[in-house]
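Listing of target16.txt, compact mmCIF, C-alpha atoms and all ligand atoms
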```
# COMPACT_ATOMS: atom_id res chain seq x y z
CA MET A 1 -168.92 -15.01 -83.61
CA PHE A 2 -167.34 -13.86 -80.40
CA HIS A 3 -168.35 -10.27 -81.07
CA ASN A 4 -172.00 -11.27 -81.46
CA CYS A 5 -171.94 -13.03 -78.12
CA LYS A 6 -170.89 -9.79 -76.49
CA LYS A 7 -173.75 -7.92 -78.09
CA GLU A 8 -176.21 -10.47 -76.80
CA MET A 9 -174.73 -10.01 -73.38
CA LEU A 10 -175.62 -6.34 -73.34
CA PHE A 11 -179.25 -7.37 -73.67
CA VAL A 12 -178.83 -9.74 -70.77
CA ILE A 13 -177.46 -6.85 -68.69
CA ALA A 14 -180.46 -4.71 -69.51
CA LEU A 15 -182.91 -7.51 -68.70
CA SER A 16 -181.41 -8.49 -65.37
CA PHE A 17 -182.10 -5.04 -63.98
CA SER A 18 -185.80 -5.25 -64.57
CA SER A 19 -186.28 -8.31 -62.39
CA PHE A 20 -187.79 -8.14 -58.94
CA ILE A 21 -187.27 -10.54 -56.09
CA SER A 22 -190.51 -12.30 -55.25
CA ALA A 23 -191.24 -14.21 -52.06
CA GLN A 24 -190.86 -17.50 -53.95
CA GLU A 25 -187.43 -16.50 -55.22
CA LEU A 26 -186.35 -15.63 -51.70
CA THR A 27 -187.10 -19.18 -50.61
CA ASP A 28 -185.21 -20.53 -53.59
CA ASN A 29 -182.33 -18.22 -52.82
CA ASP A 30 -181.92 -19.75 -49.37
CA ASN A 31 -182.05 -23.35 -50.63
CA VAL A 32 -178.51 -24.67 -50.70
CA GLU A 33 -179.27 -27.48 -53.15
CA LEU A 34 -180.93 -25.13 -55.63
CA GLN A 35 -178.14 -22.61 -55.16
CA ARG A 36 -175.17 -24.95 -55.44
CA VAL A 37 -172.73 -24.22 -58.26
CA GLU A 38 -169.64 -26.31 -58.94
CA PRO A 39 -166.65 -24.06 -58.26
CA PHE A 40 -164.64 -23.01 -61.29
CA GLN A 41 -161.46 -21.20 -62.28
CA VAL A 42 -161.83 -17.97 -64.21
CA PHE A 43 -158.25 -16.62 -64.21
CA ASP A 44 -154.88 -18.04 -63.19
CA ASN A 45 -155.43 -16.57 -59.71
CA LEU A 46 -159.23 -16.19 -59.44
CA TYR A 47 -161.97 -18.75 -58.81
CA TYR A 48 -165.74 -18.66 -58.43
CA VAL A 49 -166.89 -20.28 -55.18
CA GLY A 50 -170.27 -18.57 -54.95
CA ALA A 51 -173.89 -19.61 -55.23
CA LYS A 52 -176.26 -19.01 -58.14
CA TRP A 53 -177.71 -15.73 -56.92
CA VAL A 54 -174.92 -14.34 -54.78
CA SER A 55 -171.22 -14.57 -55.51
CA ALA A 56 -168.06 -15.39 -53.61
CA TRP A 57 -164.66 -15.15 -55.27
CA LEU A 58 -161.39 -16.71 -54.22
CA LEU A 59 -158.16 -14.90 -55.04
CA GLU A 60 -154.96 -16.91 -54.76
CA SER A 61 -151.72 -15.24 -53.68
CA ASP A 62 -148.27 -16.60 -52.96
CA GLN A 63 -148.99 -16.08 -49.24
CA GLY A 64 -152.48 -17.52 -48.90
CA LEU A 65 -156.03 -16.93 -50.06
CA ILE A 66 -158.38 -13.95 -50.08
CA LEU A 67 -162.13 -14.51 -50.16
CA PHE A 68 -164.47 -11.83 -51.44
CA ASP A 69 -167.77 -12.20 -49.56
CA ALA A 70 -168.80 -15.03 -47.28
CA LEU A 71 -172.37 -15.86 -48.38
CA TYR A 72 -174.71 -16.79 -45.48
CA ASP A 73 -176.32 -19.65 -43.57
CA ASP A 74 -176.07 -22.96 -45.45
CA LEU A 75 -174.90 -21.18 -48.60
CA THR A 76 -171.55 -20.61 -46.89
CA ASP A 77 -171.04 -24.38 -47.27
CA ILE A 78 -170.96 -23.81 -51.02
CA ALA A 79 -167.94 -21.51 -50.62
CA ILE A 80 -166.16 -23.80 -48.15
CA ASP A 81 -166.83 -26.95 -50.19
CA GLY A 82 -165.78 -25.08 -53.33
CA ILE A 83 -162.47 -24.02 -51.81
CA ARG A 84 -161.73 -27.65 -50.92
CA GLN A 85 -162.92 -29.01 -54.28
CA LEU A 86 -160.51 -26.67 -56.03
CA GLY A 87 -157.69 -28.23 -54.03
CA PHE A 88 -157.25 -25.41 -51.50
CA ASP A 89 -157.54 -25.43 -47.73
CA PRO A 90 -160.02 -23.01 -46.11
CA ASP A 91 -157.48 -22.63 -43.28
CA ASP A 92 -155.37 -20.73 -45.84
CA VAL A 93 -158.02 -18.01 -46.23
CA ARG A 94 -156.16 -15.07 -44.68
CA TYR A 95 -158.74 -12.36 -45.40
CA VAL A 96 -162.45 -12.17 -46.05
CA ILE A 97 -163.25 -8.91 -47.81
CA VAL A 98 -166.92 -8.06 -47.24
CA SER A 99 -168.40 -5.87 -49.94
CA HIS A 100 -171.19 -4.60 -47.69
CA ALA A 101 -173.04 -5.51 -44.51
CA HIS A 102 -176.12 -7.18 -45.96
CA TYR A 103 -176.68 -10.77 -44.81
CA ASP A 104 -176.00 -12.36 -48.20
CA HIS A 105 -172.40 -11.07 -48.22
CA VAL A 106 -171.49 -10.78 -44.53
CA GLY A 107 -173.55 -13.65 -43.10
CA GLY A 108 -170.78 -16.28 -43.27
CA ALA A 109 -167.97 -13.99 -42.08
CA ARG A 110 -168.17 -15.06 -38.43
CA ARG A 111 -167.79 -18.68 -39.49
CA PHE A 112 -164.58 -17.91 -41.41
CA GLN A 113 -163.25 -16.15 -38.31
CA GLU A 114 -164.09 -18.98 -35.94
CA GLU A 115 -163.41 -22.06 -38.06
CA PHE A 116 -160.52 -20.87 -40.22
CA GLY A 117 -158.96 -17.90 -38.44
CA ALA A 118 -159.56 -15.50 -41.31
CA VAL A 119 -159.32 -11.73 -40.81
CA VAL A 120 -162.50 -9.94 -41.87
CA MET A 121 -162.37 -6.52 -43.52
CA MET A 122 -165.08 -4.06 -44.43
CA THR A 123 -165.54 -0.32 -44.17
CA GLU A 124 -165.91 1.34 -40.78
CA THR A 125 -169.38 2.50 -41.80
CA ASP A 126 -170.57 -1.00 -42.60
CA TRP A 127 -168.92 -2.44 -39.47
CA ASN A 128 -171.21 -0.01 -37.64
CA MET A 129 -174.16 -1.47 -39.54
CA THR A 130 -173.38 -4.89 -38.07
CA ASP A 131 -174.08 -3.43 -34.59
CA GLU A 132 -177.64 -2.60 -35.63
CA PRO A 133 -180.56 -4.96 -36.29
CA ALA A 134 -180.20 -6.59 -39.73
CA ILE A 135 -182.36 -5.16 -42.50
CA TYR A 136 -183.36 -8.32 -44.38
CA GLN A 137 -182.22 -11.42 -42.46
CA GLU A 138 -180.34 -11.83 -39.19
CA TYR A 139 -176.85 -13.38 -39.26
CA PRO A 140 -174.10 -14.15 -36.72
CA LYS A 141 -172.32 -10.85 -36.13
CA PRO A 142 -168.65 -11.02 -37.06
CA ILE A 143 -166.02 -9.92 -34.56
CA ARG A 144 -164.78 -6.50 -35.57
CA HIS A 145 -161.40 -6.96 -37.24
CA LEU A 146 -160.01 -4.51 -39.79
CA SER A 147 -161.52 -1.51 -41.54
CA ALA A 148 -160.77 -0.67 -45.15
CA SER A 149 -160.97 2.98 -46.13
CA ASP A 150 -161.04 4.78 -49.45
CA GLY A 151 -157.62 4.73 -51.08
CA SER A 152 -156.14 2.16 -48.71
CA THR A 153 -154.42 -1.00 -49.90
CA LEU A 154 -153.88 -4.51 -48.61
CA ASN A 155 -150.83 -6.52 -49.60
CA LEU A 156 -150.66 -10.28 -49.26
CA GLY A 157 -147.43 -11.58 -50.72
CA ARG A 158 -147.17 -10.15 -54.21
CA THR A 159 -150.92 -9.54 -54.42
CA ARG A 160 -152.26 -6.05 -53.83
CA LEU A 161 -155.85 -4.94 -53.29
CA GLN A 162 -156.77 -1.28 -53.74
CA PHE A 163 -159.89 -0.24 -51.86
CA MET A 164 -162.49 2.34 -52.70
CA GLU A 165 -165.55 3.37 -50.71
CA THR A 166 -168.54 3.50 -53.04
CA PRO A 167 -171.54 4.23 -50.79
CA GLY A 168 -175.18 4.12 -51.86
CA HIS A 169 -176.45 0.55 -51.76
CA THR A 170 -175.34 0.66 -48.11
CA PRO A 171 -173.69 3.67 -46.47
CA GLY A 172 -170.27 1.96 -46.57
CA VAL A 173 -170.00 -0.18 -49.68
CA LEU A 174 -166.46 -1.44 -50.24
CA SER A 175 -165.14 -1.89 -53.78
CA THR A 176 -161.82 -3.46 -54.70
CA ARG A 177 -159.43 -3.22 -57.62
CA PHE A 178 -156.92 -6.01 -58.18
CA THR A 179 -154.99 -7.77 -60.91
CA VAL A 180 -156.03 -11.03 -62.50
CA TYR A 181 -153.80 -13.09 -64.80
CA ASP A 182 -154.74 -14.92 -67.97
CA ASN A 183 -151.95 -17.35 -68.83
CA GLY A 184 -149.62 -14.96 -67.06
CA TYR A 185 -150.94 -11.85 -68.80
CA PRO A 186 -152.23 -9.24 -66.30
CA HIS A 187 -155.63 -7.52 -66.47
CA ASP A 188 -157.19 -4.89 -64.20
CA ALA A 189 -160.27 -6.21 -62.44
CA PHE A 190 -162.81 -4.41 -60.31
CA LEU A 191 -165.40 -5.61 -57.85
CA PHE A 192 -168.13 -3.00 -57.34
CA GLY A 193 -169.39 -3.88 -53.88
CA GLY A 194 -172.98 -2.62 -54.00
CA VAL A 195 -174.97 -2.48 -57.21
CA GLY A 196 -178.68 -2.82 -56.36
CA LEU A 197 -181.03 0.14 -56.01
CA ASN A 198 -183.01 -1.44 -53.17
CA PHE A 199 -182.66 1.50 -50.81
CA SER A 200 -184.49 4.78 -50.56
CA GLY A 201 -183.93 8.47 -50.04
CA VAL A 202 -182.62 11.30 -52.18
CA GLU A 203 -179.41 11.57 -50.18
CA ARG A 204 -178.50 7.90 -50.54
CA THR A 205 -179.34 7.93 -54.25
CA GLU A 206 -177.07 10.93 -54.68
CA MET A 207 -174.31 9.02 -52.89
CA TYR A 208 -174.82 6.10 -55.27
CA ILE A 209 -174.70 8.36 -58.32
CA ASN A 210 -171.52 9.94 -57.02
CA SER A 211 -170.00 6.47 -56.56
CA VAL A 212 -170.89 5.38 -60.09
CA GLN A 213 -169.44 8.65 -61.39
CA ARG A 214 -166.15 7.86 -59.68
CA LEU A 215 -166.15 4.39 -61.26
CA MET A 216 -166.75 5.95 -64.67
CA GLN A 217 -163.70 8.16 -64.17
CA MET A 218 -161.46 5.21 -63.34
CA GLU A 219 -159.03 4.33 -66.11
CA GLY A 220 -158.13 0.91 -67.33
CA ILE A 221 -160.75 -1.45 -65.87
CA GLU A 222 -161.00 -4.49 -68.14
CA VAL A 223 -162.76 -7.09 -66.01
CA ASN A 224 -166.01 -6.85 -64.03
CA ILE A 225 -166.08 -9.13 -60.99
CA PRO A 226 -169.66 -8.82 -59.72
CA ASN A 227 -170.88 -9.81 -56.25
CA HIS A 228 -174.11 -11.10 -57.76
CA ALA A 229 -173.41 -13.37 -60.71
CA ASP A 230 -176.11 -11.99 -63.00
CA SER A 231 -174.83 -8.42 -62.84
CA GLY A 232 -171.72 -9.50 -64.74
CA GLU A 233 -173.08 -12.48 -66.75
CA VAL A 234 -170.67 -14.73 -64.86
CA PHE A 235 -172.13 -18.06 -65.94
CA GLU A 236 -172.62 -17.01 -69.57
CA ARG A 237 -169.03 -15.83 -69.74
CA TYR A 238 -167.78 -18.98 -68.08
CA ALA A 239 -169.61 -21.07 -70.72
CA MET A 240 -167.75 -19.07 -73.37
CA LEU A 241 -164.48 -19.54 -71.50
CA GLN A 242 -164.92 -23.32 -71.62
CA ASP A 243 -165.38 -23.16 -75.41
CA ARG A 244 -162.52 -20.75 -75.89
CA LEU A 245 -160.07 -21.60 -78.66
CA ASP A 246 -156.37 -20.78 -78.74
CA GLY A 247 -155.93 -17.11 -79.54
CA ASP A 248 -159.48 -16.11 -78.57
CA PRO A 249 -159.76 -13.25 -76.09
CA HIS A 250 -160.75 -14.09 -72.53
CA PRO A 251 -164.55 -13.59 -72.28
CA PHE A 252 -164.28 -11.87 -68.88
CA VAL A 253 -161.85 -9.29 -70.29
CA ASP A 254 -164.45 -6.92 -71.67
CA PRO A 255 -163.88 -3.22 -71.00
CA GLU A 256 -166.69 -2.23 -73.41
CA SER A 257 -169.37 -3.98 -71.43
CA TRP A 258 -167.91 -2.58 -68.17
CA ASP A 259 -168.50 0.92 -69.57
CA ALA A 260 -171.93 -0.03 -70.91
CA TRP A 261 -172.87 -1.49 -67.54
CA LEU A 262 -171.91 1.68 -65.68
CA ASP A 263 -174.01 3.70 -68.13
CA ILE A 264 -177.03 1.51 -67.32
CA LEU A 265 -176.42 1.81 -63.57
CA MET A 266 -176.22 5.58 -63.93
CA LYS A 267 -179.42 5.82 -65.99
CA ASN A 268 -181.36 3.69 -63.52
CA ALA A 269 -180.05 5.67 -60.56
CA GLN A 270 -180.89 8.99 -62.16
CA ALA A 271 -184.43 7.80 -62.90
CA LYS A 272 -184.74 6.75 -59.27
CA LEU A 273 -183.43 10.12 -58.10
CA GLY A 274 -185.98 11.90 -60.30
CA ARG A 275 -188.83 9.87 -58.81
CA GLU A 276 -187.61 10.48 -55.28
CA GLN A 277 -187.18 14.21 -55.82
CA ARG A 278 -190.68 14.51 -57.29
CA ALA A 279 -192.13 12.54 -54.37
CA ALA A 280 -190.35 14.80 -51.89
CA ASN A 281 -191.85 17.99 -53.39
ZN ZN A 301 -176.96 -5.77 -50.55
```
Can the structure in the file be given as structure tokens, please?
Amino acid sequence: MFHNCKKEMLFVIALSFSSFISAQELTDNDNVELQRVEPFQVFDNLYYVGAKWVSAWLLESDQGLILFDALYDDLTDIAIDGIRQLGFDPDDVRYVIVSHAHYDHVGGARRFQEEFGAVVMMTETDWNMTDEPAIYQEYPKPIRHLSASDGSTLNLGRTRLQFMETPGHTPGVLSTRFTVYDNGYPHDAFLFGGVGLNFSGVERTEMYINSVQRLMQMEGIEVNIPNHADSGEVFERYAMLQDRLDGDPHPFVDPESWDAWLDILMKNAQAKLGREQRAAN
């Protein structure tokens, strides 16, 4: 039963990559009522506080909270309301880790700095992007706080984040490895900070391919924590989690579909590279 669900999910992965964002969807994306999701707990120390189309994740430590991505405009309310609904205080958000400097992830960062005193981290390269005109939508520029570089770590109490620079989607995508706990049992989780192929140029596509190659070489990743819910079937897995019986595996702990997902990303990126190389000749 459970095994079949996983197979179905692989189809969902394949399908979600063929979708394009239309103008109508963009409007729907920005609509806070259409985008609102009730916050939910996924692991002992990890909660979903994101919207339907773009994610935000809250990691609890013994010394405060870490938020992955800040959403944007009114959608940031979803994250803030979610933090409160889960019984936390947004003033306890110590760090906002921004996966990359596109409006949908970085847009609410300034608000977390000003209203809650959070420290914002992203890569140096993507901090530089915030000094330039925004590509898709404008957003309040965050005050430059800390830069995360490849191989660096951040400790907050007993929680440790390990950072990796995985450029391509933007020139300075930030990815993070951390531990999640399922009834006290630890699992290695990874948040790949920039998945979409909505960028152009042979050089950037080669960067992306190189990043995915590095992810493929990483040992031991069991849990995919995506920054857009549909690239990790977040809601489908959460539905399974709610129906989980004693002794069932945790539906987010799924190293097979992590590997399968990376294979799909690589195939799509290589096809894109082929097209771009042919167009350049
Ligand atoms: Zn993006």
Next on the checklist: Neighbouring residues of region 198-202 of chain A were defined as those with any atom within 10 Å, considering all atoms listed in the file; residues of the same chain fewer than 6 positions away were excluded. Please report them as a list of chain:residue names.
Outcome noted: A:Gly168, A:His169, A:Thr170, A:Tyr208, A:Lys272, A:Leu273, A:Gly274, A:Arg275, A:Glu276, A:Gln277, A:Ala279, A:Ala280
Next on the checklist: Please find the residues contacting ligand ZN 301 (chain A) at a distance of at most 12 Å between atoms, with only C-alpha atoms and all ligand atoms counted, and report them as a VMD selection string.
Outcome noted: chain A and resid 53 to 55 69 71 98 to 107 126 134 to 137 167 to 174 192 to 199 227 to 228
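Note that CA of Gln35 (chain A) and CA of Ala51 (chain A) are 5.2 Å apart.
Distances from A:Val180, A:Leu75, A:Leu46, A:Val253 to Leu34 (chain A) were compared using all atoms listed in the file, and the smallest one belongs to A:Leu75.
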Checklist entry - So, counting all atoms listed in the file, which residue among A:Val120, A:Trp127, A:Lys52, A:Arg204 is closest to Asp28 (chain A)? => result A:Lys52
Checklist outcome for this item: The residue from A:Tyr95, A:Tyr48, A:Phe252, A:Phe88 with the smallest atom-to-atom distance to Ser147 (chain A), counting only C-alpha atoms, is A:Tyr95
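The shortest atom-to-atom distance to Gly151 (chain A), with all atoms listed in the file taken into account, belongs to A:Met164 out of A:Val37, A:Ile78, A:Met164, A:Ala271.
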Item to check | Spatial neighbours of Gln213 (chain A), 9 Å, all atoms listed in the file, chain gap at least 5 places, as a PyMOL selection string | outcome: chain A and resi 208+218+262+266
Take the residues just selected and output them with C-alpha atoms as a short mmCIF file (atom, residue, chain, number, x, y, z; two decimals), in the coordinates of the input.
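The resulting part_10.cif:
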```cif
data_model
loop_
_atom_site.label_atom_id
_atom_site.label_comp_id
_atom_site.auth_asym_id
_atom_site.auth_seq_id
_atom_site.Cartn_x
_atom_site.Cartn_y
_atom_site.Cartn_z
CA TYR A 208 -174.82 6.10 -55.27
CA MET A 218 -161.46 5.21 -63.34
CA LEU A 262 -171.91 1.68 -65.68
CA MET A 266 -176.22 5.58 -63.93
#
```
Checklist entry - With all atoms listed in the file as the atoms that count, which of A:Thr179, A:Thr205, A:Asn155, A:Ser257 lies nearest to Phe43 (chain A)? => result A:Thr179
Missing atoms in region 214-238 of chain A need filling: write out N, CA, C and O atoms for it as a short mmCIF file (atom, residue, chain, number, x, y, z; two decimals), in the coordinates of the input.
```cif
data_model
loop_
_atom_site.label_atom_id
_atom_site.label_comp_id
_atom_site.auth_asym_id
_atom_site.auth_seq_id
_atom_site.Cartn_x
_atom_site.Cartn_y
_atom_site.Cartn_z
N ARG A 214 -167.57 8.12 -59.95
CA ARG A 214 -166.15 7.86 -59.68
C ARG A 214 -165.68 6.61 -60.43
O ARG A 214 -164.55 6.57 -60.93
N LEU A 215 -166.53 5.60 -60.51
CA LEU A 215 -166.15 4.39 -61.26
C LEU A 215 -165.97 4.71 -62.74
O LEU A 215 -165.07 4.20 -63.40
N MET A 216 -166.85 5.58 -63.25
CA MET A 216 -166.75 5.95 -64.67
C MET A 216 -165.45 6.69 -64.98
O MET A 216 -164.95 6.63 -66.09
N GLN A 217 -164.93 7.39 -63.96
CA GLN A 217 -163.70 8.16 -64.17
C GLN A 217 -162.45 7.30 -64.04
O GLN A 217 -161.35 7.74 -64.37
N MET A 218 -162.62 6.09 -63.54
CA MET A 218 -161.46 5.21 -63.34
C MET A 218 -160.93 4.73 -64.69
O MET A 218 -161.70 4.31 -65.55
N GLU A 219 -159.63 4.77 -64.84
CA GLU A 219 -159.03 4.33 -66.11
C GLU A 219 -158.67 2.85 -66.04
O GLU A 219 -158.28 2.36 -64.98
N GLY A 220 -158.79 2.19 -67.15
CA GLY A 220 -158.13 0.91 -67.33
C GLY A 220 -158.82 -0.33 -66.80
O GLY A 220 -158.22 -1.41 -66.80
N ILE A 221 -160.08 -0.23 -66.36
CA ILE A 221 -160.75 -1.45 -65.87
C ILE A 221 -161.15 -2.32 -67.07
O ILE A 221 -161.82 -1.86 -68.00
N GLU A 222 -160.74 -3.57 -67.02
CA GLU A 222 -161.00 -4.49 -68.14
C GLU A 222 -161.92 -5.64 -67.76
O GLU A 222 -162.48 -6.32 -68.62
N VAL A 223 -162.03 -5.90 -66.46
CA VAL A 223 -162.76 -7.09 -66.01
C VAL A 223 -163.73 -6.70 -64.89
O VAL A 223 -163.32 -6.11 -63.88
N ASN A 224 -165.00 -7.06 -65.06
CA ASN A 224 -166.01 -6.85 -64.03
C ASN A 224 -166.16 -8.12 -63.20
O ASN A 224 -166.49 -9.18 -63.73
N ILE A 225 -165.90 -7.99 -61.90
CA ILE A 225 -166.08 -9.13 -60.99
C ILE A 225 -167.27 -8.79 -60.09
O ILE A 225 -167.12 -8.07 -59.10
N PRO A 226 -168.47 -9.26 -60.44
CA PRO A 226 -169.66 -8.82 -59.72
C PRO A 226 -169.89 -9.64 -58.44
O PRO A 226 -169.49 -10.80 -58.35
N ASN A 227 -170.57 -9.03 -57.45
CA ASN A 227 -170.88 -9.81 -56.25
C ASN A 227 -172.26 -10.45 -56.30
O ASN A 227 -172.66 -11.11 -55.35
N HIS A 228 -172.97 -10.25 -57.40
CA HIS A 228 -174.11 -11.10 -57.76
C HIS A 228 -173.86 -11.53 -59.20
O HIS A 228 -173.65 -10.67 -60.08
N ALA A 229 -173.88 -12.85 -59.43
CA ALA A 229 -173.41 -13.37 -60.71
C ALA A 229 -174.10 -12.73 -61.91
O ALA A 229 -173.46 -12.45 -62.92
N ASP A 230 -175.40 -12.45 -61.80
CA ASP A 230 -176.11 -11.99 -63.00
C ASP A 230 -175.79 -10.53 -63.34
O ASP A 230 -176.08 -10.09 -64.44
N SER A 231 -175.18 -9.78 -62.42
CA SER A 231 -174.83 -8.42 -62.84
C SER A 231 -173.53 -8.35 -63.62
O SER A 231 -173.12 -7.28 -64.06
N GLY A 232 -172.87 -9.49 -63.84
CA GLY A 232 -171.72 -9.50 -64.74
C GLY A 232 -171.74 -10.70 -65.67
O GLY A 232 -170.72 -11.05 -66.24
N GLU A 233 -172.91 -11.31 -65.85
CA GLU A 233 -173.08 -12.48 -66.75
C GLU A 233 -171.99 -13.53 -66.49
O GLU A 233 -171.41 -14.08 -67.43
N VAL A 234 -171.77 -13.83 -65.23
CA VAL A 234 -170.67 -14.73 -64.86
C VAL A 234 -170.81 -16.10 -65.51
O VAL A 234 -169.85 -16.63 -66.07
N PHE A 235 -171.99 -16.68 -65.44
CA PHE A 235 -172.13 -18.06 -65.94
C PHE A 235 -172.10 -18.10 -67.47
O PHE A 235 -171.57 -19.04 -68.06
N GLU A 236 -172.66 -17.07 -68.10
CA GLU A 236 -172.62 -17.01 -69.57
C GLU A 236 -171.16 -16.86 -70.04
O GLU A 236 -170.73 -17.51 -70.99
N ARG A 237 -170.43 -16.02 -69.36
CA ARG A 237 -169.03 -15.83 -69.74
C ARG A 237 -168.20 -17.08 -69.47
O ARG A 237 -167.30 -17.43 -70.24
N TYR A 238 -168.53 -17.75 -68.37
CA TYR A 238 -167.78 -18.98 -68.08
C TYR A 238 -168.05 -20.05 -69.15
O TYR A 238 -167.14 -20.78 -69.55
#
```
